[in-house]
$ cat coords_17.pdb   # PDB, C-alpha atoms and all ligand atoms
ATOM      1  CA  MET A  25      22.261  24.246   3.907
ATOM      2  CA  ASN A  26      25.447  23.777   1.969
ATOM      3  CA  SER A  27      25.730  21.563  -1.044
ATOM      4  CA  SER A  28      27.496  21.685  -4.369
ATOM      5  CA  SER A  29      24.205  21.900  -6.267
ATOM      6  CA  GLY A  30      22.709  24.771  -4.227
ATOM      7  CA  LYS A  31      19.159  25.202  -3.084
ATOM      8  CA  LEU A  32      15.780  24.920  -4.814
ATOM      9  CA  THR A  33      12.309  25.623  -3.508
ATOM     10  CA  VAL A  34       9.187  23.679  -4.409
ATOM     11  CA  LEU A  35       5.843  25.306  -3.566
ATOM     12  CA  GLY A  36       3.087  22.745  -3.062
ATOM     13  CA  ALA A  37       3.695  19.236  -1.733
ATOM     14  CA  GLY A  38       0.891  17.501  -3.657
ATOM     15  CA  LEU A  39       0.938  14.970  -6.461
ATOM     16  CA  MET A  40       3.447  16.922  -8.583
ATOM     17  CA  GLY A  41       5.295  18.977  -5.961
ATOM     18  CA  HIS A  42       6.465  16.017  -3.894
ATOM     19  CA  GLY A  43       7.749  14.270  -7.023
ATOM     20  CA  ILE A  44       9.574  17.370  -8.281
ATOM     21  CA  ALA A  45      11.172  17.870  -4.859
ATOM     22  CA  GLN A  46      12.270  14.244  -4.851
ATOM     23  CA  VAL A  47      13.856  14.493  -8.309
ATOM     24  CA  ALA A  48      15.625  17.750  -7.371
ATOM     25  CA  SER A  49      17.190  16.073  -4.357
ATOM     26  CA  GLN A  50      17.672  12.500  -5.581
ATOM     27  CA  VAL A  51      18.888  13.232  -9.104
ATOM     28  CA  GLY A  52      20.017  16.865  -8.944
ATOM     29  CA  GLY A  53      21.661  16.735  -5.519
ATOM     30  CA  PHE A  54      19.961  20.017  -4.539
ATOM     31  CA  GLU A  55      18.954  21.002  -1.042
ATOM     32  CA  VAL A  56      15.182  21.398  -1.421
ATOM     33  CA  SER A  57      12.700  23.377   0.631
ATOM     34  CA  LEU A  58       9.264  21.838   0.195
ATOM     35  CA  LEU A  59       6.465  24.163   1.246
ATOM     36  CA  ASP A  60       2.736  23.696   1.643
ATOM     37  CA  VAL A  61       0.012  25.578   3.484
ATOM     38  CA  GLU A  62      -0.805  23.045   6.192
ATOM     39  CA  GLN A  63       1.291  20.569   8.146
ATOM     40  CA  ARG A  64      -0.832  17.611   6.999
ATOM     41  CA  PHE A  65      -0.081  18.422   3.323
ATOM     42  CA  VAL A  66       3.643  18.692   3.969
ATOM     43  CA  ASP A  67       3.521  15.429   5.943
ATOM     44  CA  SER A  68       1.641  13.686   3.164
ATOM     45  CA  GLY A  69       4.182  14.951   0.587
ATOM     46  CA  MET A  70       7.094  13.679   2.695
ATOM     47  CA  LYS A  71       5.321  10.337   3.123
ATOM     48  CA  MET A  72       4.958  10.000  -0.653
ATOM     49  CA  ILE A  73       8.645  10.855  -1.134
ATOM     50  CA  ASN A  74       9.654   8.271   1.473
ATOM     51  CA  SER A  75       7.636   5.537  -0.171
ATOM     52  CA  SER A  76       8.825   6.444  -3.679
ATOM     53  CA  VAL A  77      12.484   6.524  -2.628
ATOM     54  CA  ALA A  78      11.985   3.116  -0.956
ATOM     55  CA  LYS A  79      10.728   1.743  -4.297
ATOM     56  CA  PHE A  80      13.905   2.968  -6.039
ATOM     57  CA  VAL A  81      15.947   1.107  -3.393
ATOM     58  CA  GLU A  82      13.803  -2.041  -3.775
ATOM     59  CA  LYS A  83      14.402  -2.015  -7.526
ATOM     60  CA  GLY A  84      18.149  -1.597  -7.007
ATOM     61  CA  LYS A  85      18.201   1.846  -8.660
ATOM     62  CA  LEU A  86      19.406   3.580  -5.493
ATOM     63  CA  THR A  87      21.538   2.387  -2.574
ATOM     64  CA  LYS A  88      20.241   2.767   0.965
ATOM     65  CA  ASP A  89      22.878   5.439   1.607
ATOM     66  CA  GLN A  90      21.907   7.385  -1.506
ATOM     67  CA  ALA A  91      18.249   7.159  -0.498
ATOM     68  CA  ASP A  92      18.974   8.418   3.024
ATOM     69  CA  ALA A  93      21.065  11.287   1.662
ATOM     70  CA  ALA A  94      18.288  12.219  -0.812
ATOM     71  CA  LEU A  95      15.688  12.244   1.962
ATOM     72  CA  LYS A  96      17.908  14.375   4.173
ATOM     73  CA  ARG A  97      18.193  17.044   1.487
ATOM     74  CA  VAL A  98      14.405  17.656   1.427
ATOM     75  CA  HIS A  99      13.350  20.179   4.063
ATOM     76  CA  PRO A 100       9.605  20.443   4.681
ATOM     77  CA  THR A 101       8.328  23.829   5.838
ATOM     78  CA  LEU A 102       5.235  26.038   6.192
ATOM     79  CA  ASP A 103       7.265  29.267   6.288
ATOM     80  CA  LEU A 104       7.463  30.961   2.874
ATOM     81  CA  ALA A 105      10.321  33.339   3.750
ATOM     82  CA  GLU A 106      12.399  30.435   5.070
ATOM     83  CA  ALA A 107      11.560  28.307   2.038
ATOM     84  CA  LEU A 108      12.727  31.028  -0.379
ATOM     85  CA  LYS A 109      15.860  32.157   1.432
ATOM     86  CA  GLY A 110      18.996  31.481  -0.630
ATOM     87  CA  SER A 111      17.053  29.700  -3.372
ATOM     88  CA  SER A 112      18.071  30.218  -7.007
ATOM     89  CA  LEU A 113      15.022  28.492  -8.491
ATOM     90  CA  VAL A 114      11.480  28.382  -7.169
ATOM     91  CA  ILE A 115       9.280  25.726  -8.771
ATOM     92  CA  GLU A 116       5.653  26.443  -8.090
ATOM     93  CA  ALA A 117       3.392  23.368  -8.073
ATOM     94  CA  ALA A 118       0.452  24.715  -6.080
ATOM     95  CA  THR A 119      -3.240  24.064  -6.778
ATOM     96  CA  GLU A 120      -4.384  24.960 -10.315
ATOM     97  CA  ASP A 121      -6.371  28.044  -9.304
ATOM     98  CA  PRO A 122      -5.505  31.394 -10.952
ATOM     99  CA  LYS A 123      -6.472  33.548  -7.949
ATOM    100  CA  LEU A 124      -4.500  31.374  -5.534
ATOM    101  CA  LYS A 125      -1.433  31.347  -7.799
ATOM    102  CA  LEU A 126      -1.509  35.119  -8.437
ATOM    103  CA  ASP A 127      -1.633  35.768  -4.713
ATOM    104  CA  LEU A 128       1.267  33.373  -4.177
ATOM    105  CA  TYR A 129       3.359  34.985  -6.972
ATOM    106  CA  ARG A 130       2.914  38.445  -5.416
ATOM    107  CA  ARG A 131       4.248  37.166  -2.095
ATOM    108  CA  VAL A 132       7.037  35.115  -3.650
ATOM    109  CA  SER A 133       8.161  38.097  -5.703
ATOM    110  CA  ASP A 134       8.483  40.173  -2.522
ATOM    111  CA  LEU A 135      10.303  37.525  -0.508
ATOM    112  CA  SER A 136      12.555  35.698  -2.986
ATOM    113  CA  ASP A 137      16.184  36.501  -3.799
ATOM    114  CA  ARG A 138      16.695  39.149  -6.478
ATOM    115  CA  ASP A 139      18.042  36.755  -9.092
ATOM    116  CA  ALA A 140      15.765  33.834  -8.280
ATOM    117  CA  ILE A 141      13.825  32.295 -11.147
ATOM    118  CA  LEU A 142      10.124  31.692 -10.553
ATOM    119  CA  ALA A 143       9.068  28.688 -12.611
ATOM    120  CA  SER A 144       5.508  27.415 -12.718
ATOM    121  CA  ASN A 145       4.405  23.841 -13.256
ATOM    122  CA  THR A 146       0.930  25.058 -14.253
ATOM    123  CA  SER A 147      -0.865  23.073 -16.950
ATOM    124  CA  SER A 148      -3.189  25.813 -18.135
ATOM    125  CA  ILE A 149      -2.624  29.211 -16.515
ATOM    126  CA  SER A 150      -0.852  31.886 -18.570
ATOM    127  CA  ILE A 151       2.819  32.365 -17.632
ATOM    128  CA  THR A 152       2.570  36.001 -18.795
ATOM    129  CA  LEU A 153      -0.323  36.519 -16.377
ATOM    130  CA  LEU A 154       1.613  35.005 -13.446
ATOM    131  CA  ALA A 155       4.662  37.119 -14.340
ATOM    132  CA  SER A 156       2.555  40.282 -14.502
ATOM    133  CA  VAL A 157       2.113  40.426 -10.718
ATOM    134  CA  THR A 158       5.830  40.008  -9.990
ATOM    135  CA  LYS A 159       8.579  42.624  -9.836
ATOM    136  CA  ARG A 160      10.820  40.784 -12.307
ATOM    137  CA  PRO A 161       8.677  39.200 -15.074
ATOM    138  CA  GLU A 162      11.878  38.428 -17.026
ATOM    139  CA  ASN A 163      12.680  35.850 -14.299
ATOM    140  CA  VAL A 164       9.365  33.999 -14.669
ATOM    141  CA  CYS A 165       8.796  31.029 -16.963
ATOM    142  CA  GLY A 166       6.906  27.761 -17.236
ATOM    143  CA  MET A 167       8.597  24.520 -16.194
ATOM    144  CA  HIS A 168       6.032  21.838 -16.931
ATOM    145  CA  PHE A 169       6.795  18.356 -15.583
ATOM    146  CA  PHE A 170       4.803  15.229 -16.345
ATOM    147  CA  ASN A 171       3.213  12.820 -13.925
ATOM    148  CA  PRO A 172       4.964  11.117 -12.179
ATOM    149  CA  PRO A 173       7.944  13.512 -12.243
ATOM    150  CA  GLN A 174      10.185  10.784 -10.806
ATOM    151  CA  LEU A 175       9.762   8.707 -13.981
ATOM    152  CA  MET A 176       8.677  10.955 -16.848
ATOM    153  CA  PRO A 177      11.698  12.291 -18.756
ATOM    154  CA  LEU A 178      10.251  15.514 -20.214
ATOM    155  CA  VAL A 179      10.098  19.119 -19.059
ATOM    156  CA  GLU A 180       8.387  21.707 -21.279
ATOM    157  CA  ILE A 181       9.958  25.134 -20.788
ATOM    158  CA  ILE A 182       7.514  27.927 -21.556
ATOM    159  CA  ARG A 183       8.503  31.439 -22.424
ATOM    160  CA  GLY A 184       6.134  34.121 -21.139
ATOM    161  CA  ASN A 185       5.880  37.445 -22.943
ATOM    162  CA  LYS A 186       8.789  38.953 -20.962
ATOM    163  CA  THR A 187      10.852  35.866 -20.077
ATOM    164  CA  SER A 188      14.562  36.515 -20.685
ATOM    165  CA  ASP A 189      16.923  34.239 -22.610
ATOM    166  CA  GLU A 190      18.991  33.899 -19.456
ATOM    167  CA  THR A 191      15.992  32.531 -17.542
ATOM    168  CA  VAL A 192      15.280  29.984 -20.282
ATOM    169  CA  ASN A 193      18.943  28.929 -20.368
ATOM    170  CA  ARG A 194      19.182  28.562 -16.606
ATOM    171  CA  VAL A 195      16.000  26.461 -16.441
ATOM    172  CA  ARG A 196      17.302  24.331 -19.308
ATOM    173  CA  ASP A 197      20.588  23.732 -17.445
ATOM    174  CA  ILE A 198      18.878  22.869 -14.174
ATOM    175  CA  SER A 199      16.435  20.539 -15.948
ATOM    176  CA  ALA A 200      19.419  18.698 -17.447
ATOM    177  CA  LYS A 201      20.870  18.402 -13.942
ATOM    178  CA  LEU A 202      17.586  16.803 -12.887
ATOM    179  CA  GLY A 203      18.047  14.249 -15.680
ATOM    180  CA  LYS A 204      15.270  15.714 -17.830
ATOM    181  CA  GLU A 205      15.030  16.321 -21.552
ATOM    182  CA  THR A 206      13.591  19.719 -22.405
ATOM    183  CA  VAL A 207      11.612  21.292 -25.207
ATOM    184  CA  LEU A 208      11.009  25.004 -25.571
ATOM    185  CA  CYS A 209       7.533  26.370 -26.058
ATOM    186  CA  LYS A 210       8.436  29.702 -27.662
ATOM    187  CA  LYS A 211       5.017  31.223 -26.950
ATOM    188  CA  ASP A 212       2.820  31.142 -23.895
ATOM    189  CA  SER A 213       0.050  29.205 -25.619
ATOM    190  CA  PRO A 214      -2.698  27.179 -23.848
ATOM    191  CA  GLY A 215      -1.792  23.505 -23.362
ATOM    192  CA  PHE A 216       1.784  24.226 -24.477
ATOM    193  CA  ILE A 217       2.836  21.353 -26.768
ATOM    194  CA  VAL A 218       1.873  18.047 -25.186
ATOM    195  CA  ASN A 219      -1.592  18.863 -23.826
ATOM    196  CA  ARG A 220      -2.504  20.749 -27.017
ATOM    197  CA  ILE A 221      -2.070  17.458 -28.862
ATOM    198  CA  LEU A 222      -3.224  15.070 -26.136
ATOM    199  CA  VAL A 223      -6.441  16.680 -24.881
ATOM    200  CA  PRO A 224      -8.199  16.882 -28.292
ATOM    201  CA  ALA A 225      -7.187  13.244 -28.876
ATOM    202  CA  LEU A 226      -8.690  12.144 -25.556
ATOM    203  CA  ASN A 227     -11.817  14.184 -26.276
ATOM    204  CA  GLU A 228     -12.134  12.566 -29.721
ATOM    205  CA  ALA A 229     -11.975   9.117 -28.118
ATOM    206  CA  VAL A 230     -14.957  10.078 -25.943
ATOM    207  CA  PHE A 231     -16.855  11.238 -29.060
ATOM    208  CA  LEU A 232     -16.263   7.756 -30.532
ATOM    209  CA  VAL A 233     -17.913   6.174 -27.458
ATOM    210  CA  GLN A 234     -20.732   8.716 -27.500
ATOM    211  CA  GLU A 235     -21.477   8.084 -31.169
ATOM    212  CA  GLY A 236     -21.482   4.315 -30.580
ATOM    213  CA  VAL A 237     -18.674   3.770 -33.073
ATOM    214  CA  ALA A 238     -16.812   1.319 -30.830
ATOM    215  CA  GLU A 239     -16.620   0.007 -27.266
ATOM    216  CA  PRO A 240     -14.083   1.677 -24.894
ATOM    217  CA  GLU A 241     -12.001  -1.523 -24.759
ATOM    218  CA  ASP A 242     -11.714  -1.623 -28.562
ATOM    219  CA  ILE A 243     -10.866   2.079 -28.821
ATOM    220  CA  ASP A 244      -8.057   1.600 -26.289
ATOM    221  CA  LYS A 245      -6.871  -1.600 -27.975
ATOM    222  CA  ALA A 246      -6.865   0.110 -31.383
ATOM    223  CA  VAL A 247      -4.749   3.051 -30.222
ATOM    224  CA  LYS A 248      -2.359   0.843 -28.220
ATOM    225  CA  LEU A 249      -1.719  -1.567 -31.060
ATOM    226  CA  GLY A 250      -2.189   0.822 -33.960
ATOM    227  CA  LEU A 251      -0.275   3.789 -32.613
ATOM    228  CA  ASN A 252       1.956   2.068 -30.070
ATOM    229  CA  TRP A 253       0.655   4.134 -27.154
ATOM    230  CA  PRO A 254       1.522   2.404 -23.845
ATOM    231  CA  MET A 255      -2.056   2.961 -22.710
ATOM    232  CA  GLY A 256      -5.302   3.634 -24.593
ATOM    233  CA  PRO A 257      -6.853   7.144 -24.523
ATOM    234  CA  LEU A 258      -9.843   6.195 -22.351
ATOM    235  CA  GLN A 259      -7.704   4.440 -19.776
ATOM    236  CA  LEU A 260      -5.395   7.469 -19.799
ATOM    237  CA  LEU A 261      -8.433   9.730 -19.334
ATOM    238  CA  ASP A 262      -9.391   7.693 -16.281
ATOM    239  CA  TYR A 263      -5.878   8.250 -14.903
ATOM    240  CA  VAL A 264      -5.741  11.984 -15.658
ATOM    241  CA  GLY A 265      -9.318  12.555 -14.451
ATOM    242  CA  LEU A 266     -12.302  13.463 -16.628
ATOM    243  CA  ASP A 267     -12.877  16.639 -14.595
ATOM    244  CA  THR A 268      -9.304  17.862 -15.155
ATOM    245  CA  THR A 269      -9.544  17.124 -18.880
ATOM    246  CA  LEU A 270     -12.918  18.872 -19.145
ATOM    247  CA  ASN A 271     -11.401  21.962 -17.486
ATOM    248  CA  ILE A 272      -8.597  22.018 -20.028
ATOM    249  CA  THR A 273     -11.030  21.800 -22.964
ATOM    250  CA  GLN A 274     -12.826  24.795 -21.457
ATOM    251  CA  VAL A 275      -9.575  26.772 -21.262
ATOM    252  CA  PHE A 276      -8.921  25.913 -24.946
ATOM    253  CA  MET A 277     -12.452  26.996 -25.934
ATOM    254  CA  ASN A 278     -12.096  30.309 -24.079
ATOM    255  CA  GLU A 279      -8.573  31.116 -25.227
ATOM    256  CA  PHE A 280      -8.718  29.991 -28.866
ATOM    257  CA  GLN A 281     -12.422  30.823 -29.384
ATOM    258  CA  ASP A 282     -12.608  27.793 -31.640
ATOM    259  CA  SER A 283     -15.413  25.236 -31.461
ATOM    260  CA  LYS A 284     -13.072  22.424 -32.539
ATOM    261  CA  TYR A 285     -12.112  22.198 -28.843
ATOM    262  CA  ARG A 286     -15.721  21.627 -27.722
ATOM    263  CA  ALA A 287     -15.860  18.935 -25.028
ATOM    264  CA  SER A 288     -17.828  15.818 -25.806
ATOM    265  CA  PRO A 289     -21.259  16.017 -24.098
ATOM    266  CA  LEU A 290     -20.610  12.497 -22.763
ATOM    267  CA  MET A 291     -17.493  13.706 -20.920
ATOM    268  CA  ARG A 292     -19.531  16.542 -19.395
ATOM    269  CA  GLU A 293     -22.287  14.143 -18.371
ATOM    270  CA  MET A 294     -19.855  11.685 -16.774
ATOM    271  CA  VAL A 295     -18.225  14.484 -14.753
ATOM    272  CA  ARG A 296     -21.668  15.629 -13.567
ATOM    273  CA  ALA A 297     -22.419  12.047 -12.522
ATOM    274  CA  GLY A 298     -19.188  11.915 -10.495
ATOM    275  CA  MET A 299     -17.494   9.484 -12.892
ATOM    276  CA  MET A 300     -14.091  11.188 -12.864
ATOM    277  CA  GLY A 301     -12.009   8.060 -13.476
ATOM    278  CA  ARG A 302      -9.549   6.412 -11.116
ATOM    279  CA  LYS A 303      -9.851   9.072  -8.418
ATOM    280  CA  SER A 304     -13.592   8.427  -7.981
ATOM    281  CA  GLY A 305     -13.470   4.651  -8.541
ATOM    282  CA  LYS A 306     -15.328   4.773 -11.887
ATOM    283  CA  GLY A 307     -14.849   6.372 -15.296
ATOM    284  CA  PHE A 308     -14.728   4.420 -18.554
ATOM    285  CA  TYR A 309     -13.525   1.521 -16.411
ATOM    286  CA  GLU A 310     -14.263   0.217 -12.918
ATOM    287  CA  TRP A 311     -11.405   0.941 -10.534
ATOM    288  CA  GLY A 312     -12.835  -0.712  -7.411
ATOM    289  CA  SER A 313     -11.995   1.794  -4.695
ATOM    290  CA  PRO A 314     -10.874   5.345  -5.626
ATOM    291  CA  GLY A 315      -7.213   5.395  -6.684
ATOM    292  CA  ALA A 316      -6.999   1.601  -7.025
ATOM    293  CA  THR A 317      -5.693  -0.294 -10.023
ATOM    294  CA  LYS A 318      -8.134  -1.312 -12.744
ATOM    295  CA  THR A 319     -10.492  -4.193 -11.883
ATOM    296  CA  LYS A 320     -12.331  -4.476 -15.195
TER     297      LYS A 320
HETATM  298  N1  LIG B 401      -1.572  16.230 -11.770
HETATM  299  C1  LIG B 401      -0.911  16.222 -12.918
HETATM  300  O1  LIG B 401      -0.871  15.212 -13.635
HETATM  301  C2  LIG B 401      -0.161  17.463 -13.353
HETATM  302  C3  LIG B 401       0.783  17.346 -14.391
HETATM  303  C4  LIG B 401       1.518  18.480 -14.768
HETATM  304  C5  LIG B 401       1.289  19.697 -14.118
HETATM  305  N2  LIG B 401       0.351  19.779 -13.115
HETATM  306  C6  LIG B 401       0.194  21.081 -12.442
HETATM  307  O2  LIG B 401       0.901  21.024 -11.205
HETATM  308  C7  LIG B 401       0.279  21.867 -10.248
HETATM  309  C8  LIG B 401      -0.060  21.058  -9.002
HETATM  310  O3  LIG B 401      -0.908  20.006  -9.370
HETATM  311  P1  LIG B 401      -1.072  18.698  -8.471
HETATM  312  O4  LIG B 401      -1.725  17.684  -9.335
HETATM  313  O5  LIG B 401       0.206  18.398  -7.788
HETATM  314  O6  LIG B 401      -2.144  19.240  -7.403
HETATM  315  P2  LIG B 401      -2.361  18.762  -5.892
HETATM  316  O7  LIG B 401      -3.735  19.208  -5.532
HETATM  317  O8  LIG B 401      -2.004  17.317  -5.728
HETATM  318  O9  LIG B 401      -1.275  19.607  -5.063
HETATM  319  C9  LIG B 401      -1.333  20.998  -4.922
HETATM  320  C10 LIG B 401      -0.757  21.353  -3.559
HETATM  321  O10 LIG B 401      -0.586  22.774  -3.499
HETATM  322  C11 LIG B 401      -0.872  23.157  -2.177
HETATM  323  N3  LIG B 401      -1.093  24.596  -2.096
HETATM  324  C12 LIG B 401      -2.255  25.282  -2.204
HETATM  325  N4  LIG B 401      -2.019  26.600  -2.032
HETATM  326  C13 LIG B 401      -0.684  26.729  -1.826
HETATM  327  C14 LIG B 401       0.153  27.854  -1.555
HETATM  328  N5  LIG B 401      -0.339  29.083  -1.491
HETATM  329  N6  LIG B 401       1.464  27.632  -1.364
HETATM  330  C15 LIG B 401       1.974  26.374  -1.440
HETATM  331  N7  LIG B 401       1.208  25.268  -1.680
HETATM  332  C16 LIG B 401      -0.089  25.463  -1.862
HETATM  333  C17 LIG B 401      -2.077  22.302  -1.798
HETATM  334  O11 LIG B 401      -2.248  22.277  -0.393
HETATM  335  C18 LIG B 401      -1.673  20.962  -2.396
HETATM  336  O12 LIG B 401      -0.955  20.158  -1.472
HETATM  337  C19 LIG B 401      -0.945  22.478 -10.953
HETATM  338  O13 LIG B 401      -0.602  23.736 -11.449
HETATM  339  C20 LIG B 401      -1.205  21.493 -12.089
HETATM  340  O14 LIG B 401      -1.834  22.099 -13.193
HETATM  341  C21 LIG B 401      -0.361  18.695 -12.715
END

$ encode --input "coords_17.pdb" --output "structure tokens"
Amino acid sequence: MNSSSGKLTVLGAGLMGHGIAQVASQVGGFEVSLLDVEQRFVDSGMKMINSSVAKFVEKGKLTKDQADAALKRVHPTLDLAEALKGSSLVIEAATEDPKLKLDLYRRVSDLSDRDAILASNTSSISITLLASVTKRPENVCGMHFFNPPQLMPLVEIIRGNKTSDETVNRVRDISAKLGKETVLCKKDSPGFIVNRILVPALNEAVFLVQEGVAEPEDIDKAVKLGLNWPMGPLQLLDYVGLDTTLNITQVFMNEFQDSKYRASPLMREMVRAGMMGRKSGKGFYEWGSPGATKTK
């Protein structure tokens, strides 16, 4: 695999991983190894990349030749050693499960090139913890993309306890090559910057519903028109998933030991009732079938 931009590896071909791989190839011009644990996951990731690239062509943002070249630079694989060989940056976007990620980091640390940076897209797991099971913790940092990575312009770079300046600088340079703006989170703190602000705001919106202060539609309308958010907090919660958001509030509660992060009992109840938002077809709004666009 020869290319002027070099090679990157993306671990996990799910919602985030496929998008990150696409950006690395389409915008950064990198050869990209995209790894998952089963063929069907890799296939599904490649299918999502194909359909997203086709949309860029439809909208006139990419020529057919550019799209074909971008697709050719993404190499799906199930073989970790092959995926890591010759790669200067490994972006890990595997399932948000600490045990699974720690196991993966141990293996990646053994198999990756000596100078390779291991960057995690985790939303809530400590970068210092992930680095602690590797041989070179100075090469580990957070590289937090936003959903969908193809469209969202921000990457939060997170410094773990031992992350070197060189690692931060290299991730900053590569992010710029991927067309992303970066911010530096100087400490490995739960939620980093964006989720630390967003999650309590979403939780507060649920408290407003629970206390009967206003209807969901009015809360969303108020925040859209009053704060110029493109989408209201309850609609956004339905997109993110109430279960995911509840998990993050629990991480905040555990890590900060501060009751101000207590999840609204209504959010807990809705998750128990299977009302996760768009993914389950119902949350604060009706979504018809799971994953559909809003019907009400
Ligand atoms: N979904 C979001 O909006 C969002 C936003 C920012 C960051 N994140 C973070 O990105 C990461 C991935 O989230 P997602 O939403 O893409 O999840 P996802 O469930 O869509 O994808 C995760 C993928 O990782 C794969 N995987 C599991 N074990 C693996 C292993 N050992 N090696 C390689 N792949 C493995 C799974 O098979 C799956 O395809 C998580 O850490 C999450 O916190 C998610």

$ closest_residue --input "coords_17.pdb" --among "A:Asp127, A:Glu293, A:Asp262, A:Glu82" --to "ligand LIG 401 (chain B)" --atoms "all atoms listed in the file"
A:Asp127

$ closest_residue --input "coords_17.pdb" --among "A:Ile182, A:Met300, A:Ala238, A:Ala48" --to "Gly30 in chain A" --atoms "only C-alpha atoms"
A:Ala48

$ resolve_selection --input "coords_17.pdb" --expression "the PyMOL selection byres (((not hetatm)) within 6 of (chain B and resi 401))" --output "VMD selection string"
chain A and resid 35 to 41 59 to 61 65 117 to 120 128 145 to 147 168 to 171

$ residues_around --input "coords_17.pdb" --residues "Ala140 in chain A" --least-positions-apart "6" --cutoff "8 Å" --atoms "all atoms listed in the file" --output "VMD selection string"
chain A and resid 111 to 114 163

$ closest_residue --input "coords_17.pdb" --among "A:Val77, A:Leu154, A:Leu251, A:Val34" --to "Leu102 in chain A" --atoms "all atoms listed in the file"
A:Val34

$ resolve_selection --input "coords_17.pdb" --expression "the PyMOL selection byres (((chain A and resi 270-278) around 9) and not hetatm)" --output "list in words"
Ser147, Ser148, Ile149, Pro214, Gly215, Asn219, Arg220, Val223, Pro224, Asn227, Gly265, Leu266, Asp267, Thr268, Thr269, Glu279, Phe280, Gln281, Asp282, Ser283, Lys284, Tyr285, Arg286, Ala287, Ser288, Met291, Arg292 and Val295 of chain A

$ write_last_selection --input "coords_17.pdb" --atoms "C-alpha atoms" --output "PDB file, in the frame of the given file"
ATOM      1  CA  SER A 147      -0.865  23.073 -16.950  1.00  0.00           C
ATOM      2  CA  SER A 148      -3.189  25.813 -18.135  1.00  0.00           C
ATOM      3  CA  ILE A 149      -2.624  29.211 -16.515  1.00  0.00           C
ATOM      4  CA  PRO A 214      -2.698  27.179 -23.848  1.00  0.00           C
ATOM      5  CA  GLY A 215      -1.792  23.505 -23.362  1.00  0.00           C
ATOM      6  CA  ASN A 219      -1.592  18.863 -23.826  1.00  0.00           C
ATOM      7  CA  ARG A 220      -2.504  20.749 -27.017  1.00  0.00           C
ATOM      8  CA  VAL A 223      -6.441  16.680 -24.881  1.00  0.00           C
ATOM      9  CA  PRO A 224      -8.199  16.882 -28.292  1.00  0.00           C
ATOM     10  CA  ASN A 227     -11.817  14.184 -26.276  1.00  0.00           C
ATOM     11  CA  GLY A 265      -9.318  12.555 -14.451  1.00  0.00           C
ATOM     12  CA  LEU A 266     -12.302  13.463 -16.628  1.00  0.00           C
ATOM     13  CA  ASP A 267     -12.877  16.639 -14.595  1.00  0.00           C
ATOM     14  CA  THR A 268      -9.304  17.862 -15.155  1.00  0.00           C
ATOM     15  CA  THR A 269      -9.544  17.124 -18.880  1.00  0.00           C
ATOM     16  CA  GLU A 279      -8.573  31.116 -25.227  1.00  0.00           C
ATOM     17  CA  PHE A 280      -8.718  29.991 -28.866  1.00  0.00           C
ATOM     18  CA  GLN A 281     -12.422  30.823 -29.384  1.00  0.00           C
ATOM     19  CA  ASP A 282     -12.608  27.793 -31.640  1.00  0.00           C
ATOM     20  CA  SER A 283     -15.413  25.236 -31.461  1.00  0.00           C
ATOM     21  CA  LYS A 284     -13.072  22.424 -32.539  1.00  0.00           C
ATOM     22  CA  TYR A 285     -12.112  22.198 -28.843  1.00  0.00           C
ATOM     23  CA  ARG A 286     -15.721  21.627 -27.722  1.00  0.00           C
ATOM     24  CA  ALA A 287     -15.860  18.935 -25.028  1.00  0.00           C
ATOM     25  CA  SER A 288     -17.828  15.818 -25.806  1.00  0.00           C
ATOM     26  CA  MET A 291     -17.493  13.706 -20.920  1.00  0.00           C
ATOM     27  CA  ARG A 292     -19.531  16.542 -19.395  1.00  0.00           C
ATOM     28  CA  VAL A 295     -18.225  14.484 -14.753  1.00  0.00           C
TER      29      VAL A 295
END

$ closest_residue --input "coords_17.pdb" --among "A:Arg183, A:Lys79, A:Arg130, A:Arg160" --to "Phe216 in chain A" --atoms "all atoms listed in the file"
A:Arg183

$ closest_residue --input "coords_17.pdb" --among "A:Gly312, A:Pro257, A:Pro177, A:Gly43" --to "Ile243 in chain A" --atoms "all atoms listed in the file"
A:Pro257

$ closest_residue --input "coords_17.pdb" --among "A:Lys211, A:Ser144, A:Phe308, A:Ser156" --to "Ala229 in chain A" --atoms "all atoms listed in the file"
A:Phe308

$ atom_distance --input "coords_17.pdb" --atom1 "CA of Thr33 in chain A" --atom2 "CA of Ser57 in chain A"
4.7 Å

$ atom_distance --input "coords_17.pdb" --atom1 "CA of Asn252 in chain A" --atom2 "CA of Ile217 in chain A"
19.6 Å

$ residues_around --input "coords_17.pdb" --residues "Ala91 in chain A" --least-positions-apart "4" --cutoff "12 Å" --atoms "only C-alpha atoms" --output "list in words"
Gln46, Val47, Ser49, Gln50, Val51, Gly53, Ile73, Asn74, Ser75, Ser76, Val77, Ala78, Lys79, Phe80, Val81, Glu82, Gly84, Lys85, Leu86, Thr87, Leu95, Lys96, Arg97 and Val98 of chain A

$ atom_distance --input "coords_17.pdb" --atom1 "CA of Glu116 in chain A" --atom2 "CA of Leu258 in chain A"
29.2 Å

$ residues_around --input "coords_17.pdb" --residues "range 192-199 of chain A" --least-positions-apart "4" --cutoff "9 Å" --atoms "all atoms listed in the file" --output "ChimeraX atom specification"
/A:52,113,141,143,163,165,167,179,181-183,187-188,203-208
